[in-house]
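Inspection log for the structure reproduced underneath, given as structure tokens.
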Amino acid sequence: MPGDVKNIAIIGANKEGLKLLPVLMGDPRTRICVIADPNKDAMLFKLKELGYRLAPGRKITVTTDLNEIKKVEGLDIIVNALQDQATEKFLEAPEFKDMEKLGPLSTRLIWGVRASAPIEGLGQDKSHEQSNLLTAFREIVDAVRLTIDRKELLSVILKLASESTRAERGSIMLLTEEKTLRVEIAKGMDDEVVRKIRVPMGEGISGRVWATGKPHLISGKARTEEFSRPMERSDVKSAMCVPLIVNGEIIGVINVSSSESTHVFTNEDLHFLTSLAALAAEVIHRSNEYEKLRVDSAKFTFWKEVDSLMSSHLPMDKRLTTVARKLVEIVPGLTCFIYIFDDDSGRLMLQASSIRDSKGVGHLSLRSGEGLEGASLESMSDVFLVDRTEHGQIKRVYLTLPMITRGQLVGTLNGQVISPKGLSVYHESFLKEIRNLLADSVWKHKQSELEKLRSRKMFAVDEAGLETISIKDPKKLVTIIATTPAAILGAEGSLLRIKQDGSKRFQTVATFGLDDKSVREYFLPFEKETVMEVLRRKEAVAREFSEAASPYIRSILAKPLFINDEIVGVLSMFNKTGDNTLYASAFSKHDMDILARFAVYAEKGLTNILVAPPRETKRDDLENVPSPLTIFEERVEQELNRARRIDKGLVLATVRIAGLKDLGAEKAAFEAGVIGNIRKKTRSFDVVIRLNEETFGFLFLDTDEKVPRLLSSITEVVSGDEGFRKTFTDGRADVLYGYAMFPREGDSFAELFAKASNRIKLDLNKQDSDIDRLDKWLQ
């Protein structure tokens, strides 16, 4: 047997594999050693059951075990006619690392060309051989029509162009939507370099051919005065570049080059490459249209699913996780990660991943410049990297796509693609478009969450503020002023200074989070500087420090407190912790607005203890302080709007402790017991507010079950103390309650509050049965 015979294994006993048998068997330079297909119902096995057999003289092994291929000695080529994911993974085995692998199209093209050429090969008349190549290519291209794989087609075209002209390097460049030439496939070039190449019209040899539409042949180094981007590779001795033209429109170019001084391209080579390009351009154009239609169809379906998902009321991390897992079903070999930009800390927070049971979600964060993802914070541009390490036929592409909308960075879409074909231009475009949809949805979600959070903090300020202005104990008051805004804004610590009578000195009167000596040593120098700036400017001052300048204190917010237009105190807070992260971050304008609102209450509270009450009030700040009922109404309306959007219910309840104001010395203890117990039984986001001396308002979100627990907690306090129980038994006090459920019993605050104000007496002697009956009714 001749030494140049190629031993071939075919994976696939299906129709596609059997169609290759006449082509391969008809070439005396090839020998089929084995046909393998794990599917026992494949066509070849069915034909065998009907009595059809391959000629015994061919000595072809037919098997359902793919591992038999590994036992073939001297195997040169594997033809994969199945092209499924399992077979692709099987071919990644080390035994096949340096083996040539072909698909059905490549096999038909290459063996069709070989059949058109004499067995002696290139020793025959070169022009006749190239003519046969073109004839064979034309016939096969007409046969395959639109069923071709685009990447495989380009590979075969480049293989024909380079081998028939004996070129060492080559590439096919196609026109992009940005009107530049981009390398789609290359031979003899680094993948990472290839992906970055973009050539504008008129620049370099490729750009010049694109501009003129005329083929170009170069022997020797290009003249620098002829091209704006001259060839700088001194080892290139000869090169050709021809346009790909369809219906008079240039869609790309084919480049080939050689470094051998003895091999120079001729005009015959240029004529052949031009003819090949004419045929190739047509089929590439058809392939592009087919691929675009296929991807557009998948993209439209996927787009609708994602748009519906991102508009749902699921938590954002669950929405993004679903999107990430859907993306990996569309883009072959993709592993997807989605980061959200935290405005407070300036970090990217890992929010979702296509990996099941990912441990890093919600914990991993990256600063600017850290990793490929962090690089997008600085450049705000798309980044693609191709792994230089070869592993068989597998390519690795790493990508990060910043999600930017309305000029703001909201996150990044990141991933790695591990696939024999890498990342196609269509899938790259698809990911970029999905990125834009995600950016807009995430931005809207962040704005909505920010507004809800701000509303809740304002409500907390109003609730705490009303308590503040009623405090008469100076020590308790300054403690409340120092700690309350720090807790609401998430500051690590705070310090309150009050101006001493007859002095310009501001003395520390209360602190929070400064028990540790080392913390005080870090904080106090910055705090004193900031207080001086506040006194100078007579307004709030926010400062932020880099990690290099201050490894511990990263942010400070200081606010002056006024009485009669004179600064009487300065409240300073440090190291705000973001709502979605544990990292210290800067204080925002929203934080300053919330602190300014609390300052109104704090100033009134300080006025009560520092200044004797005048006969006529000189300041009208309290006119801006809303009543408890107004605050309660505003919050209920906000939550009603939210409940309507997400189709949830809520319960508004009122409880009146009749006779509470007349309990005398027992009043304070009873109030503390009732309120403390209620707080334990309610969730942090449920609303509890005192409407007047004897009446409390409650708002339970997303649930109907809290009313029984509320009544149970009140009953526990009354029953748990002998004195309280006697007070109620003697009739000196009663518990009256009422409630209303949205949307069953009202659609507005007025309707719900009116229903909840129609109270009934809680019978403490049979409270268990009453509560059980209420619980069942609510369900």
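Ligands are numbered from 1 in the order shown, residues from 1 within each chain, and chains are lettered A, B, ... in the order they appear in the structure tokens.
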Q | Val651 (chain A) surroundings by only C-alpha atoms, 7 Å radius, close-in-sequence under 3 positions cut, as a PyMOL selection string | A | chain A and resi 699-701+704+739-742
Q.
Residues near Val193 (chain A), anyone? I mean within 12 Å using only C-alpha atoms, not counting same-chain ones fewer than 4 positions away, as a PyMOL selection string.
A. chain A and resi 182-186+188-189+197-198+384-388
Expected file: the selected residues, N, CA and C atoms, as a JSON list (two decimals), in the first residue's frame:
```
[["chain", "number", "residue", "atom", "x", "y", "z"],
["A", 182, "ARG", "N", -12.85, 42.62, 9.89],
["A", 182, "ARG", "CA", -12.52, 41.81, 11.07],
["A", 182, "ARG", "C", -12.13, 40.42, 10.61],
["A", 183, "VAL", "N", -11.07, 39.87, 11.21],
["A", 183, "VAL", "CA", -10.61, 38.53, 10.87],
["A", 183, "VAL", "C", -11.60, 37.51, 11.42],
["A", 184, "GLU", "N", -12.17, 36.70, 10.52],
["A", 184, "GLU", "CA", -13.11, 35.66, 10.94],
["A", 184, "GLU", "C", -12.40, 34.34, 11.18],
["A", 185, "ILE", "N", -11.39, 34.05, 10.37],
["A", 185, "ILE", "CA", -10.62, 32.82, 10.54],
["A", 185, "ILE", "C", -9.22, 33.06, 9.98],
["A", 186, "ALA", "N", -8.22, 32.44, 10.60],
["A", 186, "ALA", "CA", -6.85, 32.69, 10.18],
["A", 186, "ALA", "C", -6.01, 31.42, 10.31],
["A", 188, "GLY", "N", -1.92, 30.32, 10.87],
["A", 188, "GLY", "CA", -0.58, 30.81, 11.18],
["A", 188, "GLY", "C", -0.57, 32.10, 11.98],
["A", 189, "MET", "N", -1.66, 32.42, 12.68],
["A", 189, "MET", "CA", -1.74, 33.64, 13.48],
["A", 189, "MET", "C", -2.28, 33.31, 14.86],
["A", 197, "ILE", "N", -7.90, 42.40, 15.77],
["A", 197, "ILE", "CA", -7.63, 43.13, 14.52],
["A", 197, "ILE", "C", -8.90, 43.75, 13.96],
["A", 198, "ARG", "N", -8.87, 45.04, 13.72],
["A", 198, "ARG", "CA", -9.94, 45.77, 13.04],
["A", 198, "ARG", "C", -9.26, 46.70, 12.03],
["A", 384, "PHE", "N", -12.39, 41.26, 25.36],
["A", 384, "PHE", "CA", -12.37, 39.85, 24.96],
["A", 384, "PHE", "C", -10.92, 39.37, 24.98],
["A", 385, "LEU", "N", -10.67, 38.23, 25.60],
["A", 385, "LEU", "CA", -9.34, 37.64, 25.62],
["A", 385, "LEU", "C", -9.45, 36.20, 25.15],
["A", 386, "VAL", "N", -8.49, 35.78, 24.32],
["A", 386, "VAL", "CA", -8.45, 34.41, 23.83],
["A", 386, "VAL", "C", -7.27, 33.70, 24.47],
["A", 387, "ASP", "N", -7.50, 32.53, 25.03],
["A", 387, "ASP", "CA", -6.45, 31.78, 25.69],
["A", 387, "ASP", "C", -5.41, 31.33, 24.67],
["A", 388, "ARG", "N", -4.14, 31.61, 24.96],
["A", 388, "ARG", "CA", -3.06, 31.22, 24.06],
["A", 388, "ARG", "C", -2.77, 29.72, 24.15]]
```
(Q) Could you tell me how far CA of Glu168 (chain A) sits from CA of Val256 (chain A), in Å to one decimal place? (A) 7.5 Å
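Across the model, the gap from CA of Ile157 (chain A) to CA of Glu178 (chain A) is 24.6 Å.
The nearest approach to Glu289 (chain A) among the residues A:Tyr426, A:Lys326, A:Thr61, A:Ile338, with only C-alpha atoms taken into account, belongs to A:Tyr426.
CA of Gly697 (chain A) sits 7.6 Å away from CA of Leu652 (chain A).
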Q | Backbone DSSP call of strand (DSSP E or B) for region 361-603 of chain A, listed as a PyMOL selection string | A | chain A and resi 365-366+383-386+391+394-405+408-419+491-499+506-512+541-544+555-563+566-577+584-585
Q) Skipping near chain neighbours, those fewer than 2 positions away, what residues fall within 8 Å of Leu366 (chain A) using only C-alpha atoms, listed as a ChimeraX atom specification? A) /A:347-349,364,368,370-371,373-374
Q: Mind the document's chain letters and residue numbers, and return as a ChimeraX atom specification the residues of region 214-438 of chain A that DSSP labels alpha helix (DSSP H).
A: /A:267-310,316-330,371-379,425-438
**Q.** For Leu595 (chain A): contacts at 7 Å, only C-alpha atoms, fewer than 4 positions along chain excluded, given as a PyMOL selection string
**A.** chain A and resi 485+591+599
Q.
For Ile646 (chain A), find every residue with an atom within 9 Å (counting only C-alpha atoms), except residues of its own chain fewer than 4 positions away, and show them as a list in words.
A. Ser312, His313, Asn641 and Arg642 of chain A
Report as an mmCIF file with all heavy atoms, in the first residue's frame all protein, DNA and RNA residues lying within 9 Å of Phe749 (chain A), evaluated on only C-alpha atoms, omitting residues in the same chain fewer than 6 positions from it.
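What landed in result_10.cif:
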```cif
data_model
loop_
_atom_site.group_PDB
_atom_site.id
_atom_site.type_symbol
_atom_site.label_atom_id
_atom_site.label_comp_id
_atom_site.auth_asym_id
_atom_site.auth_seq_id
_atom_site.Cartn_x
_atom_site.Cartn_y
_atom_site.Cartn_z
ATOM 1 N N GLU A 633 -50.499 57.476 57.406
ATOM 2 C CA GLU A 633 -51.261 57.478 56.157
ATOM 3 C C GLU A 633 -50.326 57.429 54.947
ATOM 4 O O GLU A 633 -50.557 56.678 53.992
ATOM 5 C CB GLU A 633 -52.157 58.713 56.082
ATOM 6 C CG GLU A 633 -52.981 58.785 54.795
ATOM 7 C CD GLU A 633 -53.897 59.984 54.750
ATOM 8 O OE1 GLU A 633 -53.898 60.786 55.719
ATOM 9 O OE2 GLU A 633 -54.609 60.141 53.741
ATOM 10 N N GLU A 634 -49.259 58.250 54.979
ATOM 11 C CA GLU A 634 -48.312 58.264 53.860
ATOM 12 C C GLU A 634 -47.684 56.884 53.657
ATOM 13 O O GLU A 634 -47.556 56.404 52.525
ATOM 14 C CB GLU A 634 -47.217 59.307 54.114
ATOM 15 C CG GLU A 634 -47.701 60.747 54.018
ATOM 16 C CD GLU A 634 -46.587 61.735 54.338
ATOM 17 O OE1 GLU A 634 -45.475 61.282 54.685
ATOM 18 O OE2 GLU A 634 -46.835 62.958 54.236
ATOM 19 N N VAL A 636 -48.854 53.916 54.612
ATOM 20 C CA VAL A 636 -49.850 52.956 54.151
ATOM 21 C C VAL A 636 -50.102 53.116 52.658
ATOM 22 O O VAL A 636 -50.176 52.131 51.913
ATOM 23 C CB VAL A 636 -51.161 53.112 54.946
ATOM 24 C CG1 VAL A 636 -52.277 52.257 54.329
ATOM 25 C CG2 VAL A 636 -50.950 52.713 56.399
ATOM 26 N N GLU A 637 -50.224 54.362 52.172
ATOM 27 C CA GLU A 637 -50.464 54.596 50.747
ATOM 28 C C GLU A 637 -49.295 54.079 49.907
ATOM 29 O O GLU A 637 -49.485 53.511 48.826
ATOM 30 C CB GLU A 637 -50.710 56.091 50.480
ATOM 31 C CG GLU A 637 -52.038 56.621 50.985
ATOM 32 C CD GLU A 637 -53.241 56.019 50.264
ATOM 33 O OE1 GLU A 637 -53.050 55.298 49.268
ATOM 34 O OE2 GLU A 637 -54.381 56.269 50.714
ATOM 35 N N LEU A 640 -49.566 50.356 49.823
ATOM 36 C CA LEU A 640 -50.703 49.960 48.989
ATOM 37 C C LEU A 640 -50.320 49.975 47.518
ATOM 38 O O LEU A 640 -50.673 49.061 46.761
ATOM 39 C CB LEU A 640 -51.894 50.902 49.240
ATOM 40 C CG LEU A 640 -52.698 50.670 50.529
ATOM 41 C CD1 LEU A 640 -53.721 51.778 50.710
ATOM 42 C CD2 LEU A 640 -53.380 49.307 50.513
ATOM 43 N N LEU A 652 -54.061 46.290 57.866
ATOM 44 C CA LEU A 652 -53.956 47.495 58.686
ATOM 45 C C LEU A 652 -54.747 47.210 59.966
ATOM 46 O O LEU A 652 -55.923 46.812 59.904
ATOM 47 C CB LEU A 652 -54.508 48.704 57.949
ATOM 48 C CG LEU A 652 -54.323 50.080 58.609
ATOM 49 C CD1 LEU A 652 -54.327 51.171 57.545
ATOM 50 C CD2 LEU A 652 -55.426 50.384 59.634
#
```
